[in-house]
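Structure file protein02.txt with compact mmCIF, C-alpha atoms and all ligand atoms:
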# COMPACT_ATOMS: atom_id res chain seq x y z
CA MET A 42 3.73 155.06 104.73
CA GLU A 43 3.33 158.08 107.04
CA SER A 44 5.13 157.70 110.32
CA ILE A 45 3.14 157.99 113.54
CA ALA A 46 3.94 160.87 115.86
CA TYR A 47 2.92 162.35 119.20
CA PHE A 48 1.59 165.91 119.02
CA ASN A 49 0.37 167.88 122.06
CA GLY A 50 -1.09 164.83 123.78
CA ASN A 51 -2.38 162.97 120.71
CA ILE A 52 -1.10 160.14 118.50
CA VAL A 53 -1.30 161.38 114.89
CA GLU A 54 0.22 160.79 111.46
CA SER A 55 3.32 162.97 111.18
CA LYS A 56 1.71 164.95 108.32
CA ASN A 57 -0.86 166.08 110.89
CA VAL A 58 1.73 167.67 113.17
CA LEU A 59 0.46 171.07 112.03
CA ILE A 60 2.19 174.02 113.59
CA SER A 61 0.91 177.59 113.65
CA PRO A 62 2.82 180.20 111.61
CA TYR A 63 2.72 182.21 114.86
CA ASP A 64 4.65 179.53 116.75
CA LEU A 65 7.49 181.12 118.71
CA GLY A 66 9.73 178.21 117.72
CA LEU A 67 9.47 179.42 114.12
CA LEU A 68 9.28 183.17 114.62
CA ARG A 69 11.82 183.52 117.46
CA ALA A 70 13.79 180.24 117.52
CA TYR A 71 12.26 179.83 120.99
CA GLY A 72 12.50 176.09 121.33
CA VAL A 73 14.57 173.13 122.46
CA PHE A 74 14.81 169.59 121.20
CA ASP A 75 16.44 166.22 121.68
CA VAL A 76 17.47 163.39 119.40
CA MET A 77 17.67 159.90 120.83
CA ARG A 78 18.10 156.60 119.00
CA THR A 79 17.36 152.92 119.47
CA TRP A 80 19.84 150.10 119.64
CA SER A 81 18.33 146.62 119.24
CA ASN A 82 15.07 148.54 118.84
CA ARG A 83 15.19 149.84 122.45
CA PRO A 84 15.67 153.53 123.33
CA PHE A 85 19.31 154.10 124.26
CA LEU A 86 20.10 156.19 127.37
CA LEU A 87 16.55 157.54 127.64
CA PRO A 88 16.95 158.92 131.20
CA GLU A 89 19.99 160.98 130.14
CA HIS A 90 18.17 162.34 127.07
CA TYR A 91 15.08 163.18 129.10
CA ARG A 92 17.16 164.97 131.75
CA ARG A 93 19.00 167.04 129.14
CA LEU A 94 15.73 168.02 127.45
CA ARG A 95 14.24 169.01 130.79
CA ASN A 96 17.32 171.08 131.69
CA SER A 97 17.40 172.76 128.27
CA ALA A 98 13.71 173.58 128.62
CA LYS A 99 14.19 174.99 132.11
CA GLU A 100 16.98 177.29 130.89
CA LEU A 101 14.53 178.83 128.42
CA SER A 102 11.62 178.91 130.90
CA LEU A 103 9.86 176.11 129.04
CA ARG A 104 8.52 172.94 130.65
CA VAL A 105 8.55 169.38 129.32
CA PRO A 106 4.86 168.45 129.60
CA LEU A 107 5.51 164.75 130.34
CA SER A 108 7.25 163.11 133.30
CA GLU A 109 10.14 160.77 132.44
CA LYS A 110 7.84 157.78 132.97
CA GLU A 111 5.14 159.24 130.70
CA PHE A 112 7.75 160.18 128.09
CA ALA A 113 9.19 156.63 128.11
CA ALA A 114 5.70 155.17 127.71
CA VAL A 115 4.88 157.44 124.73
CA VAL A 116 8.21 156.61 123.07
CA GLU A 117 7.62 152.89 123.63
CA ASN A 118 4.17 153.17 122.04
CA LEU A 119 5.47 155.14 119.04
CA LEU A 120 8.27 152.63 118.45
CA ARG A 121 5.70 149.81 118.45
CA LEU A 122 3.36 151.70 116.08
CA ASN A 123 6.12 152.64 113.62
CA ALA A 124 8.07 149.36 113.82
CA PHE A 125 11.25 150.52 112.09
CA PRO A 126 14.28 148.24 112.50
CA GLU A 127 16.14 151.06 114.30
CA SER A 128 14.74 154.53 114.98
CA ARG A 129 15.69 158.11 115.54
CA ILE A 130 13.42 159.72 118.15
CA ARG A 131 13.16 163.47 117.72
CA THR A 132 11.45 165.44 120.49
CA VAL A 133 10.70 169.14 120.02
CA LEU A 134 9.34 171.65 122.53
CA THR A 135 8.67 175.29 121.60
CA GLY A 136 7.09 178.35 123.18
CA GLY A 137 3.98 177.61 121.09
CA PRO A 138 1.70 179.97 119.17
CA SER A 139 1.54 183.59 120.26
CA PRO A 140 -1.13 186.03 118.96
CA ASP A 141 1.37 188.88 118.70
CA GLY A 142 4.24 186.62 117.64
CA TYR A 143 6.21 187.64 120.71
CA ALA A 144 4.68 187.06 124.14
CA PRO A 145 4.55 183.40 125.22
CA THR A 146 1.02 182.38 126.25
CA GLY A 147 2.09 179.24 128.11
CA LYS A 148 0.41 177.03 125.49
CA GLN A 149 3.54 175.20 124.32
CA THR A 150 4.05 173.04 121.24
CA PHE A 151 5.39 169.54 121.96
CA PHE A 152 5.87 166.74 119.49
CA ILE A 153 7.82 163.50 119.07
CA LEU A 154 8.70 162.16 115.62
CA ILE A 155 10.03 158.69 114.84
CA GLU A 156 12.18 158.20 111.76
CA GLU A 157 14.07 155.20 110.48
CA ILE A 158 17.80 155.56 111.13
CA VAL A 159 19.84 155.62 107.97
CA PRO A 160 23.43 154.84 108.96
CA LEU A 161 26.36 156.68 107.41
CA PRO A 162 28.18 154.72 104.70
CA ASP A 163 30.64 152.11 106.12
CA GLU A 164 33.43 153.92 104.32
CA VAL A 165 33.20 156.80 106.84
CA TYR A 166 34.09 154.45 109.69
CA VAL A 167 36.71 152.50 107.72
CA ARG A 168 38.58 155.35 106.02
CA GLY A 169 37.66 158.23 108.30
CA ALA A 170 36.14 161.60 107.46
CA LYS A 171 37.21 165.12 106.67
CA ILE A 172 35.78 168.03 108.66
CA ILE A 173 35.99 171.81 108.17
CA THR A 174 36.33 174.55 110.77
CA VAL A 175 34.12 177.60 111.16
CA ASP A 176 34.72 180.40 113.67
CA TYR A 177 31.65 180.30 115.88
CA HIS A 178 30.51 179.47 119.38
CA ARG A 179 26.94 178.76 120.38
CA GLU A 180 25.25 181.07 122.82
CA ARG A 181 24.08 179.09 125.91
CA SER A 182 26.03 176.13 124.53
CA HIS A 183 24.74 173.65 127.14
CA VAL A 184 21.17 174.18 125.88
CA LYS A 185 20.02 172.07 122.92
CA SER A 186 18.23 174.93 121.25
CA THR A 187 16.52 174.62 117.86
CA ASN A 188 18.69 177.47 116.54
CA TYR A 189 21.13 175.78 114.10
CA SER A 190 21.38 178.70 111.72
CA ALA A 191 25.22 178.68 111.75
CA ALA A 192 25.22 175.03 110.68
CA MET A 193 22.60 175.71 107.99
CA LYS A 194 24.53 178.73 106.73
CA HIS A 195 27.66 176.63 106.15
CA HIS A 196 25.90 173.51 104.87
CA LYS A 197 26.60 174.15 101.18
CA GLU A 198 30.26 174.90 101.85
CA ARG A 199 30.60 171.68 103.86
CA VAL A 200 29.08 169.58 101.07
CA LYS A 201 31.19 171.33 98.43
CA LYS A 202 34.36 170.58 100.39
CA ASN A 203 33.28 166.95 100.83
CA ALA A 204 33.36 167.30 104.61
CA LEU A 205 31.21 165.32 107.00
CA GLU A 206 30.96 167.86 109.79
CA ILE A 207 31.64 171.47 110.74
CA LEU A 208 33.90 172.01 113.76
CA TYR A 209 33.22 175.23 115.65
CA VAL A 210 36.44 176.98 116.71
CA HIS A 211 36.60 180.24 118.64
CA GLU A 212 39.44 182.37 120.02
CA GLY A 213 41.99 179.70 119.11
CA LYS A 214 40.06 176.88 120.78
CA ALA A 215 38.35 173.89 119.19
CA LEU A 216 34.88 173.50 120.74
CA GLU A 217 32.37 171.08 119.19
CA GLY A 218 30.84 169.99 115.92
CA SER A 219 27.68 171.58 114.55
CA ALA A 220 25.88 168.44 115.77
CA SER A 221 28.57 166.39 117.50
CA ASN A 222 31.31 166.50 120.16
CA LEU A 223 35.04 166.44 119.68
CA PHE A 224 37.71 164.08 121.05
CA SER A 225 41.43 164.06 120.36
CA VAL A 226 43.87 161.31 121.26
CA LYS A 227 47.48 161.91 122.22
CA LYS A 228 49.72 159.13 123.51
CA LYS A 229 46.64 156.97 124.26
CA ARG A 230 45.00 159.72 126.36
CA LEU A 231 41.65 161.14 125.31
CA ILE A 232 41.11 164.89 125.49
CA THR A 233 37.68 166.46 125.03
CA PRO A 234 36.55 170.08 125.50
CA LYS A 235 34.69 170.77 128.73
CA ASP A 236 33.27 174.30 128.36
CA ASP A 237 31.32 176.08 125.61
CA ILE A 238 29.85 172.80 124.37
CA LEU A 239 26.62 170.85 124.42
CA PRO A 240 27.16 168.02 126.92
CA GLY A 241 26.55 165.27 124.37
CA ILE A 242 24.99 162.08 125.68
CA THR A 243 27.33 160.07 123.43
CA ARG A 244 30.31 162.14 124.65
CA ASN A 245 29.49 161.36 128.26
CA TYR A 246 29.03 157.68 127.46
CA ILE A 247 32.37 157.55 125.62
CA ILE A 248 34.13 159.16 128.60
CA ARG A 249 32.77 156.39 130.84
CA LEU A 250 33.60 153.72 128.26
CA ALA A 251 37.16 155.00 127.77
CA LYS A 252 37.77 154.96 131.53
CA LYS A 253 36.44 151.39 131.69
CA LEU A 254 38.93 150.50 128.94
CA LYS A 255 41.67 152.13 131.10
CA PHE A 256 42.39 155.07 128.83
CA GLY A 257 43.22 158.36 130.52
CA VAL A 258 40.58 161.06 129.88
CA GLU A 259 41.08 164.81 130.19
CA GLU A 260 38.09 167.16 130.00
CA ARG A 261 39.66 170.52 129.21
CA ALA A 262 40.09 173.18 126.55
CA ILE A 263 41.95 172.15 123.36
CA SER A 264 43.62 174.75 121.19
CA VAL A 265 43.32 174.33 117.43
CA LYS A 266 47.13 174.11 117.32
CA GLU A 267 47.13 171.19 119.76
CA LEU A 268 44.27 169.51 117.92
CA LEU A 269 46.13 169.51 114.62
CA LYS A 270 49.06 167.73 116.31
CA ALA A 271 46.85 164.97 117.76
CA ASP A 272 47.56 161.31 117.00
CA GLU A 273 43.85 160.73 116.36
CA VAL A 274 40.64 162.75 116.34
CA PHE A 275 37.03 161.60 116.42
CA MET A 276 33.57 163.14 116.77
CA THR A 277 30.61 161.64 118.63
CA SER A 278 26.84 161.98 118.26
CA THR A 279 23.69 159.99 118.80
CA THR A 280 23.01 159.34 115.14
CA LYS A 281 26.58 159.23 113.78
CA ASN A 282 28.03 157.26 116.73
CA ILE A 283 31.83 157.66 116.60
CA VAL A 284 33.24 159.19 113.45
CA PRO A 285 37.02 158.99 112.94
CA VAL A 286 38.42 162.27 111.60
CA VAL A 287 41.48 162.00 109.36
CA ALA A 288 41.57 165.57 107.99
CA ILE A 289 40.64 169.02 109.33
CA ASP A 290 40.45 171.64 106.56
CA SER A 291 43.64 170.95 104.57
CA ASN A 292 45.51 169.37 107.51
CA ARG A 293 45.99 165.63 107.79
CA ILE A 294 45.57 164.16 111.29
CA GLY A 295 48.32 161.67 112.21
CA PRO A 296 49.02 159.37 109.27
CA GLY A 297 45.62 160.17 107.74
CA THR A 298 44.12 156.79 108.61
CA VAL A 299 41.77 155.60 111.35
CA GLY A 300 43.88 155.12 114.50
CA PRO A 301 43.99 152.16 116.92
CA VAL A 302 42.41 153.96 119.91
CA THR A 303 39.48 155.21 117.84
CA THR A 304 39.03 151.71 116.40
CA GLN A 305 38.94 150.12 119.85
CA ILE A 306 36.47 152.70 121.14
CA MET A 307 34.24 152.33 118.05
CA ASP A 308 34.20 148.52 118.35
CA CYS A 309 33.41 148.54 122.08
CA PHE A 310 30.76 151.21 121.66
CA ILE A 311 28.86 149.19 119.06
CA LYS A 312 29.12 146.06 121.19
CA TYR A 313 28.05 147.69 124.45
CA ALA A 314 25.35 149.95 123.01
CA GLY A 315 23.60 146.97 121.41
CA GLN A 316 23.79 144.95 124.62
CA GLN A 317 23.03 147.73 127.04
CA ALA A 318 19.78 148.79 125.45
CA ASN A 319 18.42 145.31 126.18
CA GLN A 320 19.31 144.86 129.80
CA PRO A 321 18.33 146.59 133.00
CA ASP A 322 21.86 146.67 134.48
CA ARG A 323 24.05 149.24 132.85
CA ILE A 324 27.34 148.05 131.38
CA VAL A 325 28.80 151.55 131.17
C1 LIG B 401 25.86 171.21 119.03
C2 LIG B 401 25.88 169.76 119.34
N1 LIG B 401 26.93 169.24 120.04
C3 LIG B 401 26.96 167.92 120.33
C4 LIG B 401 25.97 167.03 119.91
C5 LIG B 401 26.06 165.56 120.22
O1 LIG B 401 25.16 165.21 121.26
P1 LIG B 401 24.58 163.76 121.43
O2 LIG B 401 25.73 162.83 121.64
O3 LIG B 401 23.71 163.87 122.64
O4 LIG B 401 23.83 163.42 120.19
C6 LIG B 401 24.88 167.53 119.21
C7 LIG B 401 23.81 166.63 118.78
O5 LIG B 401 23.02 166.94 117.94
C8 LIG B 401 24.83 168.92 118.93
O6 LIG B 401 23.81 169.43 118.23
Can the structure from this file be put into structure tokens for me?
Ligand SMILES: Cc1ncc(COP(=O)(O)O)c(C=O)c1O
Amino acid sequence: MESIAYFNGNIVESKNVLISPYDLGLLRAYGVFDVMRTWSNRPFLLPEHYRRLRNSAKELSLRVPLSEKEFAAVVENLLRLNAFPESRIRTVLTGGPSPDGYAPTGKQTFFILIEEIVPLPDEVYVRGAKIITVDYHRERSHVKSTNYSAAMKHHKERVKKNALEILYVHEGKALEGSASNLFSVKKKRLITPKDDILPGITRNYIIRLAKKLKFGVEERAISVKELLKADEVFMTSTTKNIVPVVAIDSNRIGPGTVGPVTTQIMDCFIKYAGQQANQPDRIV
């Protein structure tokens, strides 16, 4: 069955989200997006996602055409119409079609797609994952731009090396994943890069959660050298949740198994995320 989407003010089947070949999102990568998910079939951290989308848009002189309230109402409606057990909510905003393929006309393209979430295999969370490094840093890293060409370029290599994610490293520093944020654990303290990253909604939630669990948290630069000596490493993202990392390129992290701090954070995250989506008072 076709999923139901929102496209420039209308509710349509996703096959009818028809975008002009002159769209500046396609021709110039002039666009921003957001990916949110449901827990217990309720949007998780919607205000944070909306705010980030609005800020990303503003940075590129785009404008989210819906208020937060209107956005929440459209998402609610789409979730009801699609009725997946758990959903990924993908919102895309581009500069829209331009007759000369260059000058924005102000007529933006805005759509919201709902897809069923397919979780990663359990094995990833039980045994941990391998990741590979690529020397790269994203321009305007705090903007969630639609330009993922570095990730696409290295996709084949990642699959060939049986790695779950690409870690961007630059000038000796470990930054972020191609679609996730990085945490390392040393002596029960969490360290996560602060600059040159997308401020992940899951990252920010995990920082709050870790503090609630009385772990120390440092937001600062991590060198690749320091990262490889960590006791534990994990990556965070909306759709992958918390992924334990047991190998980076050919280097084993700690004993090469999922560590106790990562396990505690993963368990609490799943518990709180499921509960929090369903209640007005925030737990974290
Ligand atoms: C470059 C990048 N960093 C980090 C993240 C994680 O962000 P979030 O936790 O909001 O999904 C993403 C998500 O796609 C991303 O693309």
Interface rows for chain A against ligand LIG 401 (chain B): nearest pair, Å to one decimal, 8 Å, all atoms listed in the file, as JSON lines:
{"residue": "A:Asp75", "atom": "CA", "partner": "B:LIG401", "partner_atom": "O5", "distance": 7.6}
{"residue": "A:Val76", "atom": "CA", "partner": "B:LIG401", "partner_atom": "O4", "distance": 6.4}
{"residue": "A:Met77", "atom": "CA", "partner": "B:LIG401", "partner_atom": "O4", "distance": 7.1}
{"residue": "A:His90", "atom": "CA", "partner": "B:LIG401", "partner_atom": "O3", "distance": 7.3}
{"residue": "A:Arg179", "atom": "CA", "partner": "B:LIG401", "partner_atom": "C1", "distance": 7.7}
{"residue": "A:Ser182", "atom": "CA", "partner": "B:LIG401", "partner_atom": "C1", "distance": 7.4}
{"residue": "A:Lys185", "atom": "CA", "partner": "B:LIG401", "partner_atom": "O6", "distance": 6.6}
{"residue": "A:Glu217", "atom": "CA", "partner": "B:LIG401", "partner_atom": "N1", "distance": 5.8}
{"residue": "A:Gly218", "atom": "CA", "partner": "B:LIG401", "partner_atom": "N1", "distance": 5.7}
{"residue": "A:Ser219", "atom": "CA", "partner": "B:LIG401", "partner_atom": "C1", "distance": 4.8}
{"residue": "A:Ala220", "atom": "CA", "partner": "B:LIG401", "partner_atom": "O6", "distance": 3.4}
{"residue": "A:Ser221", "atom": "CA", "partner": "B:LIG401", "partner_atom": "C3", "distance": 3.6}
{"residue": "A:Asn222", "atom": "CA", "partner": "B:LIG401", "partner_atom": "C3", "distance": 4.6}
{"residue": "A:Ile238", "atom": "CA", "partner": "B:LIG401", "partner_atom": "N1", "distance": 6.3}
{"residue": "A:Leu239", "atom": "CA", "partner": "B:LIG401", "partner_atom": "N1", "distance": 4.7}
{"residue": "A:Pro240", "atom": "CA", "partner": "B:LIG401", "partner_atom": "C3", "distance": 6.6}
{"residue": "A:Gly241", "atom": "CA", "partner": "B:LIG401", "partner_atom": "O1", "distance": 3.4}
{"residue": "A:Ile242", "atom": "CA", "partner": "B:LIG401", "partner_atom": "O3", "distance": 3.8}
{"residue": "A:Thr243", "atom": "CA", "partner": "B:LIG401", "partner_atom": "O2", "distance": 3.7}
{"residue": "A:Arg244", "atom": "CA", "partner": "B:LIG401", "partner_atom": "O2", "distance": 5.5}
{"residue": "A:Asn245", "atom": "CA", "partner": "B:LIG401", "partner_atom": "O2", "distance": 7.8}
{"residue": "A:Thr277", "atom": "CA", "partner": "B:LIG401", "partner_atom": "O2", "distance": 5.9}
{"residue": "A:Ser278", "atom": "CA", "partner": "B:LIG401", "partner_atom": "O2", "distance": 3.7}
{"residue": "A:Thr279", "atom": "CA", "partner": "B:LIG401", "partner_atom": "O4", "distance": 3.7}
{"residue": "A:Thr280", "atom": "CA", "partner": "B:LIG401", "partner_atom": "O4", "distance": 6.5}
{"residue": "A:Asn282", "atom": "CA", "partner": "B:LIG401", "partner_atom": "O2", "distance": 7.8}
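Residue nearest Pro301 in chain A within the list A:Glu273, A:Val184, A:Ala314, A:Val287: A:Glu273 [criterion: smallest interatomic distance, all atoms listed in the file].
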Spatial neighbours of range 161-163 of chain A, 12 Å, only C-alpha atoms, chain gap at least 6 places, as a JSON list (two decimals) with C-alpha atoms, in the frame of the given file:
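The new file part_9.json reads:
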[["chain", "number", "residue", "atom", "x", "y", "z"],
["A", 169, "GLY", "CA", 37.66, 158.23, 108.30],
["A", 170, "ALA", "CA", 36.14, 161.60, 107.46],
["A", 205, "LEU", "CA", 31.21, 165.32, 107.00],
["A", 280, "THR", "CA", 23.01, 159.34, 115.14],
["A", 281, "LYS", "CA", 26.58, 159.23, 113.78],
["A", 282, "ASN", "CA", 28.03, 157.26, 116.73],
["A", 283, "ILE", "CA", 31.83, 157.66, 116.60],
["A", 284, "VAL", "CA", 33.24, 159.19, 113.45],
["A", 285, "PRO", "CA", 37.02, 158.99, 112.94]]
- request: Mind checking which residues fall within 6 Å of range 59-74 of chain A, counting only C-alpha atoms, ignoring those fewer than 6 positions away in the same chain, and posting them as a ChimeraX atom specification?
  value: /A:132-139,142,185-188
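Each of A:Phe310, A:Trp80, A:Phe275, A:Phe85 was compared to Phe224 in chain A using all atoms listed in the file, and A:Phe275 turns out to be the nearest.
Comparing the minimum interatomic distances between Lys252 in chain A and each of A:Val274, A:Ile207, A:Leu231, A:Leu103, counting all atoms listed in the file, we find that A:Leu231 sits nearest.
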Model the absent atoms of range 291-302 of chain A so that all heavy atoms are present, and write the result as a PDB file, in the coordinates of the input.
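So the final result, stored in out-v7.pdb, reads:
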ATOM      1  N   SER A 291      42.661 171.613 105.454  1.00  0.00           N
ATOM      2  CA  SER A 291      43.640 170.950 104.570  1.00  0.00           C
ATOM      3  C   SER A 291      44.736 170.233 105.360  1.00  0.00           C
ATOM      4  O   SER A 291      45.777 169.897 104.815  1.00  0.00           O
ATOM      5  CB  SER A 291      44.251 171.987 103.630  1.00  0.00           C
ATOM      6  OG  SER A 291      44.782 173.027 104.417  1.00  0.00           O
ATOM      7  N   ASN A 292      44.483 170.021 106.663  1.00  0.00           N
ATOM      8  CA  ASN A 292      45.510 169.370 107.510  1.00  0.00           C
ATOM      9  C   ASN A 292      45.181 167.896 107.727  1.00  0.00           C
ATOM     10  O   ASN A 292      44.054 167.561 108.126  1.00  0.00           O
ATOM     11  CB  ASN A 292      45.558 170.044 108.883  1.00  0.00           C
ATOM     12  CG  ASN A 292      45.736 171.536 108.763  1.00  0.00           C
ATOM     13  OD1 ASN A 292      46.827 172.016 108.495  1.00  0.00           O
ATOM     14  ND2 ASN A 292      44.649 172.279 108.945  1.00  0.00           N
ATOM     15  N   ARG A 293      46.174 167.048 107.519  1.00  0.00           N
ATOM     16  CA  ARG A 293      45.990 165.630 107.790  1.00  0.00           C
ATOM     17  C   ARG A 293      46.182 165.400 109.291  1.00  0.00           C
ATOM     18  O   ARG A 293      47.056 166.023 109.906  1.00  0.00           O
ATOM     19  CB  ARG A 293      47.050 164.852 106.994  1.00  0.00           C
ATOM     20  CG  ARG A 293      46.722 163.409 106.796  1.00  0.00           C
ATOM     21  CD  ARG A 293      47.747 162.746 105.924  1.00  0.00           C
ATOM     22  NE  ARG A 293      49.051 162.763 106.596  1.00  0.00           N
ATOM     23  CZ  ARG A 293      50.168 162.331 106.043  1.00  0.00           C
ATOM     24  NH1 ARG A 293      50.175 161.901 104.795  1.00  0.00           N
ATOM     25  NH2 ARG A 293      51.303 162.350 106.714  1.00  0.00           N
ATOM     26  N   ILE A 294      45.396 164.506 109.867  1.00  0.00           N
ATOM     27  CA  ILE A 294      45.570 164.160 111.290  1.00  0.00           C
ATOM     28  C   ILE A 294      46.360 162.846 111.361  1.00  0.00           C
ATOM     29  O   ILE A 294      45.958 161.839 110.749  1.00  0.00           O
ATOM     30  CB  ILE A 294      44.197 164.000 111.985  1.00  0.00           C
ATOM     31  CG1 ILE A 294      43.402 165.311 111.934  1.00  0.00           C
ATOM     32  CG2 ILE A 294      44.358 163.518 113.424  1.00  0.00           C
ATOM     33  CD1 ILE A 294      44.070 166.513 112.598  1.00  0.00           C
ATOM     34  N   GLY A 295      47.454 162.864 112.110  1.00  0.00           N
ATOM     35  CA  GLY A 295      48.320 161.670 112.210  1.00  0.00           C
ATOM     36  C   GLY A 295      48.692 161.189 110.827  1.00  0.00           C
ATOM     37  O   GLY A 295      48.977 162.010 109.941  1.00  0.00           O
ATOM     38  N   PRO A 296      48.663 159.877 110.604  1.00  0.00           N
ATOM     39  CA  PRO A 296      49.020 159.370 109.270  1.00  0.00           C
ATOM     40  C   PRO A 296      47.883 159.482 108.249  1.00  0.00           C
ATOM     41  O   PRO A 296      48.021 159.039 107.112  1.00  0.00           O
ATOM     42  CB  PRO A 296      49.374 157.901 109.541  1.00  0.00           C
ATOM     43  CG  PRO A 296      48.643 157.549 110.790  1.00  0.00           C
ATOM     44  CD  PRO A 296      48.443 158.811 111.580  1.00  0.00           C
ATOM     45  N   GLY A 297      46.747 160.015 108.682  1.00  0.00           N
ATOM     46  CA  GLY A 297      45.620 160.170 107.740  1.00  0.00           C
ATOM     47  C   GLY A 297      44.773 158.912 107.615  1.00  0.00           C
ATOM     48  O   GLY A 297      43.991 158.773 106.673  1.00  0.00           O
ATOM     49  N   THR A 298      44.950 158.009 108.586  1.00  0.00           N
ATOM     50  CA  THR A 298      44.120 156.790 108.610  1.00  0.00           C
ATOM     51  C   THR A 298      43.462 156.667 109.975  1.00  0.00           C
ATOM     52  O   THR A 298      43.845 157.372 110.910  1.00  0.00           O
ATOM     53  CB  THR A 298      44.989 155.524 108.362  1.00  0.00           C
ATOM     54  OG1 THR A 298      46.071 155.554 109.307  1.00  0.00           O
ATOM     55  CG2 THR A 298      45.530 155.467 106.950  1.00  0.00           C
ATOM     56  N   VAL A 299      42.485 155.765 110.080  1.00  0.00           N
ATOM     57  CA  VAL A 299      41.770 155.600 111.350  1.00  0.00           C
ATOM     58  C   VAL A 299      42.721 154.944 112.367  1.00  0.00           C
ATOM     59  O   VAL A 299      43.306 153.896 112.095  1.00  0.00           O
ATOM     60  CB  VAL A 299      40.504 154.732 111.155  1.00  0.00           C
ATOM     61  CG1 VAL A 299      39.778 154.552 112.480  1.00  0.00           C
ATOM     62  CG2 VAL A 299      39.596 155.355 110.103  1.00  0.00           C
ATOM     63  N   GLY A 300      42.888 155.578 113.530  1.00  0.00           N
ATOM     64  CA  GLY A 300      43.880 155.120 114.500  1.00  0.00           C
ATOM     65  C   GLY A 300      43.398 153.986 115.388  1.00  0.00           C
ATOM     66  O   GLY A 300      42.193 153.701 115.457  1.00  0.00           O
ATOM     67  N   PRO A 301      44.327 153.337 116.105  1.00  0.00           N
ATOM     68  CA  PRO A 301      43.990 152.160 116.920  1.00  0.00           C
ATOM     69  C   PRO A 301      43.090 152.475 118.126  1.00  0.00           C
ATOM     70  O   PRO A 301      42.231 151.663 118.468  1.00  0.00           O
ATOM     71  CB  PRO A 301      45.357 151.645 117.404  1.00  0.00           C
ATOM     72  CG  PRO A 301      46.314 152.787 117.234  1.00  0.00           C
ATOM     73  CD  PRO A 301      45.771 153.631 116.120  1.00  0.00           C
ATOM     74  N   VAL A 302      43.246 153.645 118.748  1.00  0.00           N
ATOM     75  CA  VAL A 302      42.410 153.960 119.910  1.00  0.00           C
ATOM     76  C   VAL A 302      40.966 154.192 119.447  1.00  0.00           C
ATOM     77  O   VAL A 302      40.012 153.648 120.011  1.00  0.00           O
ATOM     78  CB  VAL A 302      42.963 155.198 120.671  1.00  0.00           C
ATOM     79  CG1 VAL A 302      42.022 155.601 121.800  1.00  0.00           C
ATOM     80  CG2 VAL A 302      44.366 154.913 121.205  1.00  0.00           C
TER      81      VAL A 302
END
